[in-house]
Every structure is written in structure tokens, then in C-alpha cells.
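> The structure under discussion is supplied below as C-alpha cells; questions concerning it will follow.
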Amino acid sequence: MIRVLRKAALGLALAGALLVVPEGTVQPTGAALVKVERAQALDLSPDVVWILALGSDARPGGPVLRSRADAIQLVGINTRTGAATSIGVPRDSWVAIPGHGSNRINAGLYFGGPQLMARAVQGLIGIEPDYVMVSSFWGLRGMVDAIGGITVQSAHAFSDPYLRRQGFRVGPNRVQGLGALAFSRIRKDLPRGDFDRSANQQRTLRAIHRTVRDNAARPGFLDRGALAVLRHMDAQVKPGDLFLLARAVADVEPGKVTGCVLAGSIGNVGGASVVFPSRTQARRLGDDARNDATISRC
Amino acid sequence: MIRSPQRRAAIAAAVLSIVAAGGACAGEEEAEPPASSSDSQEPTAEPEPKDARLRARVGAVTGELRPERRRAVARAVGGAVDRWFEAAWLAGDYPRTKFGLGAFPGFTREAAGRARADRRLLTNRVLGGRVDDVVARRREVVVDIFSPAGRPAGATARFRMVMVTLGQAERRVAVRGSLVLTPGPERWRITGYDVARDVRATKRSATKGEKS
């Protein structure tokens, strides 16, 4: 299979749609004591789709596709089983960037855009993304606002005087766009810094997914999300592919979602603090998840 | 579907008696014309039972598409769905036990393969061997269209099809859900499905003590 690398906006921005009121539709048949059986499938080749979801740190007016990647999540979706997984890569991971020597992995976006970021992540984890999707801070914020907010599950109590003074408590936190952005960006108060932040980014993706799934049956909901990606973000993906991707995201079963953050050690290169990622773990996670989008252990 | 005159008559009598016995679900069939003007009597005339015709209409349209194109898409998508209704549920030589890939016309190869594995829910396989014939009571499709830049790129067909099976296993079967379609070179292709199937005994079969 020849994989064509495509870039578009953040994968779960497929949810970035106005909620619509269901219009007149086929009458449901459901009734008490009626046995309902259900079958579901989607033909989206390949069976396991890999999306590199990047959060660009571009400021308003800046080049979203040629800034540094603040969030790096390699997301796999198995359209056959409904499983999904996410491998989080700390942004300061010191890796080889093709054609640019070694550097922090987040510089790959700055040096060569989404294509180069994909190659850098592939070199580390061993999985070639089918799509690269990039979102700005305001893109994420607007998307979460558009779907009416999300509920993130926090493992830690933490705050930031600039991003969220009131902070987050352990357990469920209901947030709108700005809160979701803070939840995904704050790292100073977190026990494991950038590693915990990457885990929080995965929690944000899960919360978005839950909301998308809950609303997927509304007529046109997924299509509006796909259209928003095409119109408001730098999407270079066929509309038909995006149409199917939106359904693949909605079909993911929450109980089949796994995720890991790549571990590593803190080090110093030229006076700058970096993360030396565990290459052994990176390859193991890649090998584990490549064919079924499931990670058995971190 | 080919039916002999004798068989038509038998089917007509069976359908009418099911309706007369109240087998239709209250509230669901109200929009349909009564099957007989003398539903308290045994049918004497034997009108040919009419399969319900497909009703396809435009649902949510995301993007731009001219009204006539919307209707054309709804017709084409509805036709694709109806071909599956026929091949998987309504047509064929009953009693019928074979539900192979031919039951999934218009499906992509991958989708057809998955559908075949799910044929217990996507075809009439469960009842087919104990059924003499099948009559469609309702075929409805609402087509949501994804049309960025004025060109349809995908469609979601929300459907509901209700049928009555006749013979040893008299049942009222409702199949509902959605099909995902993408435009192909010539026809719309079915690339995904989310299908649920409800089966309930008719009052007549319940009275006879049939097993579900």
C-alpha cells in the first residue's frame, strides 16, 4: 500500500461544528421488550488509520504550519474494531530530524512543516502517519466552544496564574475552550512536567471524542465538523476522505481507547533542557499498536 | 420478485388476516392506507398485496448544492439503498437460505465482506428458511448530503424498512439505521453501515403459539 501523507487540521476538530437540532427524520421503531441487534462497519482503507495530531504554538497571525509543535500525539484508529490509541511524545524529545541533524522534535514543524514532523515521529516510533493534522491554540479553543464544552478527567490538582488561576481539581472538570486549552498547556504544577502535560492532552482528546460520539447521530453534525475543517483550517485532504474520517472518529468505542506517553530522561544539550526519549519503549509501543491501534501496556 | 397468482392470493389472505388481527404496531402504520375496507371480515376478494414503495427525501445538507442536485442525490442514494433492501431482504426465492455477496449490491468490496460476516443482521438470513414470502410495509430513506464546494462528497442514508414475513415464521421485521455512501464513477457506493433489526411476532403468530 502506498501511503499518501496528507495534512489537515487537528483530527478531532471534526467535531468543530455547530450543534444542530435534529430535523424531521425517520421515525424510530424502538419499543419496550423488543430485541434490538446491531451491526456496524466502515470501509476506510487502511483498516488502521494513523493521524499525527499536532498543536502548533503559533500566535495569531503566525504561520500555524511552520511554528513549533507544542502538542504531539500520534493517534491510531482501528475502523474494524472501534479501538483507538494515542502515543504522546514530549515536545522537548531530542531526536533526529531528517536533513536537520538532531534537535527537539517540536522543531520539525518549524523546519519542514507537517511532512517533516511526520518523518521525525516515524523515525522515533516506527509508524508512518496517514494524515498530519495541525491545530493552533485558537483552533482548539474554538472547536471546544463550538461543541459546547467538554469534561476532562484530571489526575492532578494544578493551576497556572496566567492560564487558569482557579486551577483544576482531581476528577471531572467541565471546561469550555479556554479551559481546555489551559488543561492541555499547563505543565509547571504537574509532578512530571511535560510528561503529565502530554497525558492531559490525551485526556482532552478523549473528552472531545466523547462529545463527538454523543452527538454523532444528530443529522449533519459530523458533516458540519468536516466542513469546518475544510473551510477554516489548512486542510489538504480530499473531502470524501474527511467525510469518512469523521465517521471513523465517531465510531471509536470509549472502552477501547488506550494511550501512553513516551517516557524519557531529562538531560541537557548546549545548555538547553531536553528529554532523551526511551527509544526502546518508542519502538515497542509502535510495534504493539501498529496493526490494531491498541497498546497492551505502556 | 416473481410470484404466481396462487401464491399472490395466499399472500394477500395472509397479509390481510395479519392486519385484521391487529398485527401492525399501533402508531407506526397509521399513515398507511388501510389494507382492507372490511377488516372485521374474512377477506373474500384477494387484492394483490402491494409492497410499499421507496420514499426518499433530502435531509441535512452541509455545504452548497442546488435544490435539483439535492433531489437527484436523494434519488440516487435512495436507489442504492433500495437495491440492498431488495437483494438482502425482499427479493429472492423464498424459502431462502442463501445470502452471499449478492445480497450487497453497491457495497464496496471491503464493506460487502464485512456485511457478509454480519449477514445475520444485514439480511433476512435468520428467518429466510422458514418464510414463504416477504412483503415490504415501509421503505423510507432520508439522505444527509456532505457537499463542500458544490460537489457531493458523501451521503448518509438514514433508513427504516418494515416488512412482514409470511409462512412458518410470521413476523414483523423492522430494519433501521444508516448507511454511509460515497460517490463512485457511476453510482453511489455503500462504504459503511450501522444497522439494527427488530423482530416481533405478529399477534396472529403469537396466538398460534409460534416460537420467535
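Identifiers in this document derive from the order of the C-alpha cells: chains are assigned A, B, ..., residues are numbered from 1 separately in each chain, and ligands are numbered from 1 in order of occurrence.
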Using only C-alpha atoms, which protein or nucleic acid residues come within 9 Å of Arg114 in chain B? Drop anything in the same chain fewer than 6 positions from it, and give the result as a VMD selection string.
chain A and resid 40 to 43 80
> Just want the 8 Å neighbourhood of Ala246 in chain A, counted on only C-alpha atoms, with same-chain residues fewer than 4 positions away dropped. Output as a list of chain:residue names.
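Residues meeting the cut-off are A:Leu14, A:Leu222, A:Asp223, A:Gly225, A:Ala226, A:Leu242, A:Ala250.
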> For the interface of chain B with chain A (cut-off 9 Å, counting only C-alpha atoms), please tabulate each contacting residue of chain B alongside its nearest pair of atoms and their separation in Å to one decimal, rows sorted by chain and increasing number, as JSON lines.

{"residue": "B:Glu28", "atom": "CA", "partner": "A:Thr29", "partner_atom": "CA", "distance": 8.0}
{"residue": "B:Gly59", "atom": "CA", "partner": "A:Pro219", "partner_atom": "CA", "distance": 7.6}
{"residue": "B:Ala60", "atom": "CA", "partner": "A:Gly220", "partner_atom": "CA", "distance": 5.5}
{"residue": "B:Val61", "atom": "CA", "partner": "A:Gly220", "partner_atom": "CA", "distance": 7.0}
{"residue": "B:Thr62", "atom": "CA", "partner": "A:Arg224", "partner_atom": "CA", "distance": 6.1}
{"residue": "B:Gly63", "atom": "CA", "partner": "A:Leu227", "partner_atom": "CA", "distance": 7.2}
{"residue": "B:Thr108", "atom": "CA", "partner": "A:Asp43", "partner_atom": "CA", "distance": 7.6}
{"residue": "B:Arg109", "atom": "CA", "partner": "A:Asp43", "partner_atom": "CA", "distance": 8.7}
{"residue": "B:Glu110", "atom": "CA", "partner": "A:Asp43", "partner_atom": "CA", "distance": 5.9}
{"residue": "B:Ala111", "atom": "CA", "partner": "A:Asp43", "partner_atom": "CA", "distance": 5.4}
{"residue": "B:Arg114", "atom": "CA", "partner": "A:Ala41", "partner_atom": "CA", "distance": 6.9}
{"residue": "B:Ala115", "atom": "CA", "partner": "A:Ala41", "partner_atom": "CA", "distance": 7.8}
{"residue": "B:Asp118", "atom": "CA", "partner": "A:Ala39", "partner_atom": "CA", "distance": 6.5}
{"residue": "B:Leu121", "atom": "CA", "partner": "A:Ala39", "partner_atom": "CA", "distance": 6.5}
{"residue": "B:Leu122", "atom": "CA", "partner": "A:Ala39", "partner_atom": "CA", "distance": 7.7}
{"residue": "B:Glu140", "atom": "CA", "partner": "A:Val26", "partner_atom": "CA", "distance": 6.9}
{"residue": "B:Val141", "atom": "CA", "partner": "A:Val26", "partner_atom": "CA", "distance": 7.3}
{"residue": "B:Val142", "atom": "CA", "partner": "A:Thr25", "partner_atom": "CA", "distance": 6.8}
{"residue": "B:Asp144", "atom": "CA", "partner": "A:Gly220", "partner_atom": "CA", "distance": 6.5}
{"residue": "B:Ile145", "atom": "CA", "partner": "A:Gly220", "partner_atom": "CA", "distance": 7.9}
{"residue": "B:Phe146", "atom": "CA", "partner": "A:Asp223", "partner_atom": "CA", "distance": 5.8}
{"residue": "B:Ser147", "atom": "CA", "partner": "A:Pro239", "partner_atom": "CA", "distance": 8.5}
{"residue": "B:Pro148", "atom": "CA", "partner": "A:Leu227", "partner_atom": "CA", "distance": 6.6}
{"residue": "B:Pro152", "atom": "CA", "partner": "A:Gly240", "partner_atom": "CA", "distance": 8.7}
{"residue": "B:Ala153", "atom": "CA", "partner": "A:Gly240", "partner_atom": "CA", "distance": 5.0}
{"residue": "B:Gly154", "atom": "CA", "partner": "A:Gly240", "partner_atom": "CA", "distance": 6.1}
{"residue": "B:Ala155", "atom": "CA", "partner": "A:Phe243", "partner_atom": "CA", "distance": 8.7}
{"residue": "B:Thr156", "atom": "CA", "partner": "A:Pro219", "partner_atom": "CA", "distance": 8.7}
{"residue": "B:Arg158", "atom": "CA", "partner": "A:Val26", "partner_atom": "CA", "distance": 7.0}
{"residue": "B:Phe159", "atom": "CA", "partner": "A:Val26", "partner_atom": "CA", "distance": 6.6}
{"residue": "B:Arg160", "atom": "CA", "partner": "A:Val26", "partner_atom": "CA", "distance": 6.5}
{"residue": "B:Ala174", "atom": "CA", "partner": "A:Thr29", "partner_atom": "CA", "distance": 7.1}
{"residue": "B:Val175", "atom": "CA", "partner": "A:Thr29", "partner_atom": "CA", "distance": 8.7}
{"residue": "B:Arg176", "atom": "CA", "partner": "A:Thr29", "partner_atom": "CA", "distance": 7.8}
{"residue": "B:Gly177", "atom": "CA", "partner": "A:Arg38", "partner_atom": "CA", "distance": 8.7}
{"residue": "B:Val180", "atom": "CA", "partner": "A:Leu42", "partner_atom": "CA", "distance": 7.9}
{"residue": "B:Thr182", "atom": "CA", "partner": "A:Gly240", "partner_atom": "CA", "distance": 6.9}
{"residue": "B:Pro183", "atom": "CA", "partner": "A:Gly240", "partner_atom": "CA", "distance": 8.5}
{"residue": "B:Ile190", "atom": "CA", "partner": "A:Asp43", "partner_atom": "CA", "distance": 8.8}
{"residue": "B:Thr191", "atom": "CA", "partner": "A:Asp43", "partner_atom": "CA", "distance": 5.1}
{"residue": "B:Gly192", "atom": "CA", "partner": "A:Leu42", "partner_atom": "CA", "distance": 4.0}
{"residue": "B:Tyr193", "atom": "CA", "partner": "A:Gln40", "partner_atom": "CA", "distance": 5.4}
{"residue": "B:Asp194", "atom": "CA", "partner": "A:Gln40", "partner_atom": "CA", "distance": 4.2}
{"residue": "B:Val195", "atom": "CA", "partner": "A:Ala39", "partner_atom": "CA", "distance": 5.3}
{"residue": "B:Ala196", "atom": "CA", "partner": "A:Arg38", "partner_atom": "CA", "distance": 4.1}
{"residue": "B:Arg197", "atom": "CA", "partner": "A:Glu37", "partner_atom": "CA", "distance": 5.6}
{"residue": "B:Asp198", "atom": "CA", "partner": "A:Val36", "partner_atom": "CA", "distance": 5.1}
{"residue": "B:Val199", "atom": "CA", "partner": "A:Lys35", "partner_atom": "CA", "distance": 6.8}
{"residue": "B:Arg200", "atom": "CA", "partner": "A:Val34", "partner_atom": "CA", "distance": 6.9}
> Please provide as a ChimeraX atom specification all residues within 7 Å of Tyr94 in chain B, with the sequence filter that same-chain residues fewer than 6 positions apart are discarded (counting only C-alpha atoms).
/B:128,131-133
> Write the residues of the selection above to a file with C-alpha atoms, as a compact mmCIF listing (two decimals), in the first residue's frame.

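Done, and the output landed in out.txt:
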# COMPACT_ATOMS: atom_id res chain seq x y z
CA GLY B 128 -35.45 -16.81 5.37
CA VAL B 131 -40.62 -17.92 5.16
CA ASP B 132 -42.70 -18.29 2.03
CA ASP B 133 -42.67 -14.64 1.13
> List every residue of range 24-202 of chain B that DSSP, applied to the backbone of this structure, assigns to alpha helix (DSSP H), and report them as JSON, numbers by chain.
{"B": [67, 68, 69, 70, 71, 72, 73, 74, 75, 76, 77, 78, 79, 80, 81, 82, 83, 84, 85, 109, 110, 111, 112, 113, 114, 115, 116, 117, 119, 120, 121, 122, 125, 126, 127, 128]}
> Residues near Arg75 in chain B, anyone? I mean within 10 Å using only C-alpha atoms, not counting same-chain ones fewer than 5 positions away, as a ChimeraX atom specification.
/B:54-58,69-70,80-81,141,143
> So that I can check the surroundings of range 102-112 of chain A, please list as an MDAnalysis selection string every protein, DNA and RNA residue that reaches within 12 Å of it, counting only C-alpha atoms and ignoring chain neighbours fewer than 5 positions away.
chainID A and resid 52:58 62:73 89:97 117:124 132:134 267:270 272:277
> Using N, CA and C atoms, can you export the residues from the last selection as a compact mmCIF listing (two decimals), in the first residue's frame?

# COMPACT_ATOMS: atom_id res chain seq x y z
N LEU A 52 -1.30 11.98 12.85
CA LEU A 52 -0.39 12.73 13.73
C LEU A 52 -1.07 14.07 14.05
N ALA A 53 -1.51 14.19 15.29
CA ALA A 53 -2.22 15.40 15.72
C ALA A 53 -1.23 16.34 16.40
N LEU A 54 -1.10 17.52 15.84
CA LEU A 54 -0.13 18.48 16.36
C LEU A 54 -0.84 19.74 16.84
N GLY A 55 -0.37 20.25 17.95
CA GLY A 55 -0.83 21.55 18.40
C GLY A 55 0.28 22.56 18.16
N SER A 56 0.06 23.46 17.24
CA SER A 56 1.07 24.45 16.88
C SER A 56 1.07 25.60 17.89
N ASP A 57 2.27 26.07 18.24
CA ASP A 57 2.33 27.18 19.20
C ASP A 57 2.32 28.55 18.50
N ALA A 58 1.89 28.55 17.25
CA ALA A 58 1.82 29.82 16.51
C ALA A 58 0.88 30.80 17.20
N GLY A 62 0.48 34.22 13.04
CA GLY A 62 1.69 33.46 12.74
C GLY A 62 1.39 32.26 11.87
N PRO A 63 2.45 31.67 11.29
CA PRO A 63 2.25 30.52 10.41
C PRO A 63 2.02 29.24 11.21
N VAL A 64 0.78 28.78 11.24
CA VAL A 64 0.42 27.61 12.04
C VAL A 64 1.22 26.38 11.62
N LEU A 65 1.46 26.26 10.32
CA LEU A 65 2.12 25.05 9.83
C LEU A 65 3.64 25.15 9.87
N ARG A 66 4.19 26.30 10.24
CA ARG A 66 5.65 26.42 10.31
C ARG A 66 6.06 27.06 11.63
N SER A 67 5.41 26.65 12.70
CA SER A 67 5.82 27.07 14.04
C SER A 67 6.31 25.82 14.77
N ARG A 68 6.40 25.89 16.08
CA ARG A 68 6.82 24.70 16.82
C ARG A 68 5.59 23.96 17.32
N ALA A 69 5.76 22.64 17.43
CA ALA A 69 4.64 21.80 17.82
C ALA A 69 4.63 21.66 19.34
N ASP A 70 3.63 22.26 19.96
CA ASP A 70 3.52 22.24 21.41
C ASP A 70 2.91 20.94 21.91
N ALA A 71 2.11 20.34 21.12
CA ALA A 71 1.48 19.06 21.46
C ALA A 71 1.72 18.09 20.31
N ILE A 72 2.12 16.88 20.66
CA ILE A 72 2.42 15.88 19.63
C ILE A 72 1.78 14.56 20.05
N GLN A 73 0.76 14.17 19.35
CA GLN A 73 0.04 12.94 19.66
C GLN A 73 -0.12 12.12 18.37
N VAL A 89 4.16 12.22 22.60
CA VAL A 89 5.60 12.45 22.52
C VAL A 89 5.90 13.79 23.19
N PRO A 90 6.72 13.80 24.25
CA PRO A 90 7.09 15.08 24.87
C PRO A 90 7.72 16.01 23.82
N ARG A 91 7.32 17.25 23.87
CA ARG A 91 7.74 18.16 22.80
C ARG A 91 9.24 18.42 22.80
N ASP A 92 9.90 18.24 23.96
CA ASP A 92 11.34 18.50 24.01
C ASP A 92 12.18 17.27 23.72
N SER A 93 11.54 16.22 23.21
CA SER A 93 12.28 14.99 22.91
C SER A 93 13.40 15.27 21.91
N TRP A 94 14.61 14.84 22.26
CA TRP A 94 15.78 15.07 21.41
C TRP A 94 15.89 13.93 20.43
N VAL A 95 15.64 14.21 19.16
CA VAL A 95 15.59 13.16 18.13
C VAL A 95 16.28 13.63 16.86
N ALA A 96 16.47 12.68 15.95
CA ALA A 96 16.99 13.02 14.63
C ALA A 96 15.85 13.59 13.78
N ILE A 97 16.13 14.75 13.19
CA ILE A 97 15.15 15.35 12.27
C ILE A 97 15.76 15.29 10.88
N MET A 117 7.60 16.77 10.23
CA MET A 117 7.21 16.28 11.56
C MET A 117 6.81 14.81 11.49
N ALA A 118 6.11 14.46 10.44
CA ALA A 118 5.68 13.06 10.28
C ALA A 118 6.89 12.15 10.16
N ARG A 119 7.89 12.60 9.43
CA ARG A 119 9.08 11.76 9.26
C ARG A 119 9.85 11.65 10.56
N ALA A 120 9.90 12.73 11.33
CA ALA A 120 10.60 12.70 12.61
C ALA A 120 9.91 11.74 13.59
N VAL A 121 8.60 11.80 13.65
CA VAL A 121 7.86 10.91 14.54
C VAL A 121 7.97 9.47 14.05
N GLN A 122 7.93 9.29 12.75
CA GLN A 122 8.09 7.94 12.21
C GLN A 122 9.45 7.36 12.57
N GLY A 123 10.48 8.20 12.51
CA GLY A 123 11.81 7.74 12.88
C GLY A 123 11.91 7.31 14.32
N LEU A 124 11.11 7.92 15.18
CA LEU A 124 11.15 7.59 16.60
C LEU A 124 10.29 6.37 16.94
N VAL A 132 -1.50 14.13 8.75
CA VAL A 132 -1.00 15.02 9.79
C VAL A 132 -2.01 16.14 9.93
N MET A 133 -2.42 16.38 11.15
CA MET A 133 -3.45 17.38 11.36
C MET A 133 -2.94 18.40 12.37
N VAL A 134 -2.98 19.64 12.01
CA VAL A 134 -2.40 20.69 12.82
C VAL A 134 -3.46 21.67 13.27
N GLY A 267 17.63 15.77 30.27
CA GLY A 267 19.06 15.99 30.04
C GLY A 267 19.32 17.41 29.59
N ASN A 268 20.51 17.63 29.12
CA ASN A 268 20.93 18.98 28.75
C ASN A 268 21.75 18.90 27.47
N VAL A 269 21.40 19.71 26.51
CA VAL A 269 22.18 19.79 25.27
C VAL A 269 22.46 21.26 25.00
N GLY A 270 23.74 21.61 25.05
CA GLY A 270 24.13 23.00 24.76
C GLY A 270 23.47 24.00 25.70
N ALA A 272 20.55 23.72 27.03
CA ALA A 272 19.08 23.68 26.96
C ALA A 272 18.57 22.37 27.54
N SER A 273 17.51 22.45 28.30
CA SER A 273 16.91 21.27 28.87
C SER A 273 16.15 20.51 27.79
N VAL A 274 16.42 19.22 27.70
CA VAL A 274 15.74 18.39 26.70
C VAL A 274 15.32 17.08 27.34
N VAL A 275 14.53 16.32 26.60
CA VAL A 275 14.14 14.97 27.02
C VAL A 275 14.81 13.98 26.08
N PHE A 276 15.48 13.01 26.69
CA PHE A 276 16.02 11.91 25.88
C PHE A 276 14.99 10.78 25.93
N PRO A 277 14.24 10.62 24.87
CA PRO A 277 13.14 9.63 24.91
C PRO A 277 13.67 8.22 24.92
